[in-house]
Amino acid sequence: MSDPINIRDLAVGTRVKLSTGAEVEIVDNPKDGVWLFARYLSSAGDPAMVGSEEMIFAQDVVEIR
Amino acid sequence: MTMNGTRGYHPGLVDLASGQISREIFVNDDIYAQEQERVFARSWLFVGHESQIPNPGDFFASRMGEESVILCRDRAGAVHVFLNSCRHRGMKVCRYDDGNTTVFTCPYHGWSYGTDGALVGVPFFREAYHSELDRTKYRLVEVAQLCCYKGTVWANWDASAPPFLEYLGDFRRFLDLILDGWDGREGQAELLGGVQKWIIPCNWKWPAENFSGDSYHNISHRSVDLVGVGPSGRSRRDYSEFSGSRRLQVAIPDRGHQTITYVLPKDHQPQAAYQNSPEVAEYFRHCEEERRRRPGANNRLIGAPGEIFPNTALLPRQPRTLAVWHPKSAHETEVWRFFFVDRDAPQQVKNFLRDYYIRYSGPAGMTEQDDMENWNYAHAASRGVIARRYPYSYEMGLGHAVENYEWDELKVPGRVIDLTTAQASEEPMRNLYRRWAQFMEADSWDELMTWRRNAPLETQAAE
């Protein structure tokens, strides 16, 4: 298991990988340490997600790209 | 006047026919619990000022009764007041005094709410909830009614309560004295600095009755008068302009609001004030001249301590402040004091007033310390089983208030005691406790809106 990522430090524009394998780009960071606002760049499990914006839970962020 | 085995409130504790009020209403824990439901959950309460949340996403953590609420401006610019409690397990979703945010996130399990109150983030929504949770059912709890009036924000949990301005009734003009500019322009007030907050070991009704217009306790402030904390280095305030005016207590009986006010003669000219600073003195001389030129009854009224039922105190003139007496327990009150200035006043004036305001009011203010000393010890000395047997006297001036008061062609609403001759009366306190007892006894707002029952049908329709 990788070290947890402090999502408070992630700037808008940063790309991160999620536990589902999807990749998203941060569009806003409320800096509450719990949530990010991000746009899906890829999502093999659910291709329909690509291009959509969602709130991303901190525990779903597994890697900074 | 004893409890007679009844643990909570019962009629007779407030006996206005004899002018006696039981100490139980101040010190009884069961009555305190009842008044949270019957008074605070049904009344209009002051929660803050729009100048505290000028931008989308701005928030200010306030209180209504014992409960934490969030005053915020959403991304579209609308003002909201929400209960500060997550719908999942009740954790506070906002633990800062104020700030700017895109979301209020619960630190317990991570539920997250937009500034419009919508539940926008649920961790593992797809995985754990299988996308089945109806998020629209779990918005932040929003107040039933909200009113932004000349910058001030008021809220009410009861949808059946009358609108705020109807709740104010004829008291509106006295609230205007603090919210309008020193020169009489509408709604010029802005908050000066932060909110001063502190806790006093007494029931919330002690400061509420004091600010209702207790001129009898002025002897308590004798030392402050002698020191001369006023803006001209004399007494407590610059009140030389009041020579020739009438000093009145005004009580609005069907609303429970009351105040002291001064009525100036028609031809009264502004008097010298703020003489420790020539620039500030000139600014206020100009403002007073402008105000007297404006049409309307308020250009001859000068505000003094007052109380909007149940727990908001106003002091329109000097220092210009609103205070909220937040109940914490039967024996503790958390005071929040908001200081105001005209938003376009010169910085030098704001600086001068900041020094004067905090010298006078707040936890370090010399005058407020006198008051706290009284409330603290009076409350403590009323808690014992023997002390509780003996009611307080509120008999002063009983039966001497007049209606349809008029002086020098200015009519004053409500029930009036002319303190210019009487010096003091307890009419405002009786008015406060009459309304408090009505709230404790009435099961619905229909019973509390006595003015609607008395009004002609066409007036009711207009309201």
# chains A, B, ... in the order shown; residues from 1 in each chain; ligands from 1

$ closest_atom_pairs --of "chain A" --to "chain B" --cutoff "8 Å" --atoms "only C-alpha atoms" --output "CSV"
residue,atom,partner,partner_atom,distance
A:Pro30,CA,B:Thr102,CA,5.9
A:Asp32,CA,B:Thr105,CA,6.9
A:Val34,CA,B:Gly110,CA,6.4
A:Trp35,CA,B:Gly121,CA,7.9
A:Met55,CA,B:Gly121,CA,6.4
A:Phe57,CA,B:Pro123,CA,6.0

$ atom_distance --atom1 "CA of Pro54 (chain B)" --atom2 "CA of Trp154 (chain B)"
16.3 Å

$ closest_residue --among "B:Gly306, B:Ile417, B:Ala442, B:Met449" --to "Glu35 (chain B)" --atoms "only C-alpha atoms"
B:Ala442

$ closest_residue --among "A:Arg65, A:Phe37, A:Ile5, A:Thr14" --to "Glu53 (chain A)" --atoms "only C-alpha atoms"
A:Phe37

$ select_by_dssp --residues "region 59-106 of chain B" --states "strand (DSSP E)" --output "number ranges by chain"
B: 59-64, 67-73, 79-83, 98-100, 103-105

$ write_last_selection --atoms "C-alpha atoms" --output "PDB file, in the first residue's frame"
ATOM      1  CA  PHE B  59     -19.309  32.201   5.638  1.00  0.00           C
ATOM      2  CA  PHE B  60     -19.640  33.187   9.293  1.00  0.00           C
ATOM      3  CA  ALA B  61     -20.324  30.580  11.987  1.00  0.00           C
ATOM      4  CA  SER B  62     -23.113  32.010  14.130  1.00  0.00           C
ATOM      5  CA  ARG B  63     -25.589  30.747  16.693  1.00  0.00           C
ATOM      6  CA  MET B  64     -29.346  30.518  17.135  1.00  0.00           C
ATOM      7  CA  GLU B  67     -27.212  25.746  18.312  1.00  0.00           C
ATOM      8  CA  SER B  68     -24.417  26.490  15.877  1.00  0.00           C
ATOM      9  CA  VAL B  69     -25.500  27.780  12.475  1.00  0.00           C
ATOM     10  CA  ILE B  70     -23.669  28.790   9.325  1.00  0.00           C
ATOM     11  CA  LEU B  71     -24.429  32.131   7.710  1.00  0.00           C
ATOM     12  CA  CYS B  72     -23.101  31.947   4.153  1.00  0.00           C
ATOM     13  CA  ARG B  73     -23.389  33.379   0.679  1.00  0.00           C
ATOM     14  CA  VAL B  79     -27.672  34.288   1.576  1.00  0.00           C
ATOM     15  CA  HIS B  80     -28.438  31.146   3.612  1.00  0.00           C
ATOM     16  CA  VAL B  81     -28.472  30.098   7.256  1.00  0.00           C
ATOM     17  CA  PHE B  82     -27.938  26.387   7.915  1.00  0.00           C
ATOM     18  CA  LEU B  83     -27.786  24.255  11.031  1.00  0.00           C
ATOM     19  CA  ASP B  98     -15.426  32.632   9.317  1.00  0.00           C
ATOM     20  CA  GLY B  99     -13.803  32.262   5.911  1.00  0.00           C
ATOM     21  CA  ASN B 100     -14.455  31.377   2.285  1.00  0.00           C
ATOM     22  CA  VAL B 103     -17.842  23.151   0.324  1.00  0.00           C
ATOM     23  CA  PHE B 104     -18.557  22.398   3.984  1.00  0.00           C
ATOM     24  CA  THR B 105     -17.024  18.999   4.612  1.00  0.00           C
TER      25      THR B 105
END

$ closest_residue --among "B:Leu398, B:Asp344, B:Phe338, B:Glu307" --to "Phe174 (chain B)" --atoms "only C-alpha atoms"
B:Glu307

$ residues_around --residues "Gln269 (chain B)" --least-positions-apart "2" --cutoff "8 Å" --atoms "only C-alpha atoms" --output "list of chain:residue names"
B:Asp267, B:Gln271, B:Glu289

$ write_last_selection --atoms "C-alpha atoms" --output "compact mmCIF listing (two decimals), in the first residue's frame"
# COMPACT_ATOMS: atom_id res chain seq x y z
CA ASP B 267 -35.70 73.35 16.34
CA GLN B 271 -24.28 70.19 19.94
CA GLU B 289 -26.83 68.55 10.22

$ closest_residue --among "A:Ser42, A:Ser52, A:Leu10, A:Ile64" --to "Asp28 (chain A)" --atoms "only C-alpha atoms"
A:Leu10

$ select_by_dssp --residues "chain A" --states "helix (DSSP H, G or I)" --output "list in words"
Ile7, Arg8, Asp9, Pro47, Ala48, Met49, Ala58, Gln59 and Asp60 of chain A

$ atom_distance --atom1 "CA of Asn431 (chain B)" --atom2 "CA of Ala41 (chain B)"
20.3 Å

$ closest_residue --among "B:Arg415, B:Arg236, B:Arg285, B:Lys266" --to "Phe171 (chain B)" --atoms "only C-alpha atoms"
B:Arg415

$ residues_around --residues "Asn276 (chain B)" --least-positions-apart "2" --cutoff "12 Å" --atoms "only C-alpha atoms" --output "compact mmCIF listing (two decimals) with C-alpha atoms, in the first residue's frame"
# COMPACT_ATOMS: atom_id res chain seq x y z
CA GLY B 228 -14.86 59.95 31.84
CA VAL B 229 -14.60 57.24 29.17
CA GLY B 230 -16.81 59.21 26.76
CA PRO B 231 -15.62 60.33 23.35
CA SER B 232 -15.01 63.85 24.64
CA GLY B 233 -13.32 62.65 27.80
CA ARG B 234 -16.40 63.25 29.92
CA ASP B 238 -21.58 62.76 24.62
CA ALA B 272 -20.52 69.85 20.13
CA ALA B 273 -19.35 66.25 20.47
CA TYR B 274 -16.21 64.13 19.99
CA PRO B 278 -11.36 68.00 15.84
CA GLU B 279 -11.59 65.94 12.63
CA VAL B 280 -14.04 63.45 14.15
CA ALA B 281 -16.03 66.29 15.73
CA GLU B 282 -16.36 68.01 12.35
CA VAL B 349 -13.29 58.24 12.39
CA PHE B 352 -11.32 56.80 16.88
CA LEU B 353 -14.57 54.91 17.37
CA TYR B 356 -13.96 54.32 22.21

$ residues_around --residues "Ala44 (chain A)" --least-positions-apart "5" --cutoff "10 Å" --atoms "only C-alpha atoms" --output "compact mmCIF listing (two decimals) with C-alpha atoms, in the first residue's frame"
# COMPACT_ATOMS: atom_id res chain seq x y z
CA THR A 20 -10.35 2.52 -9.99
CA GLY A 21 -7.47 3.08 -12.38
CA ALA A 22 -9.08 6.20 -13.83
CA GLU A 23 -7.03 9.36 -14.35
CA MET A 49 -17.06 9.26 -17.31
CA VAL A 50 -14.39 10.82 -19.55

$ residues_around --residues "Val12 (chain A)" --least-positions-apart "6" --cutoff "12 Å" --atoms "only C-alpha atoms" --output "JSON, numbers by chain"
{"A": [24, 25, 26, 27, 28, 29, 30, 31, 36, 37, 38, 39]}

$ atom_distance --atom1 "CA of Leu179 (chain B)" --atom2 "CA of Gln318 (chain B)"
13.2 Å
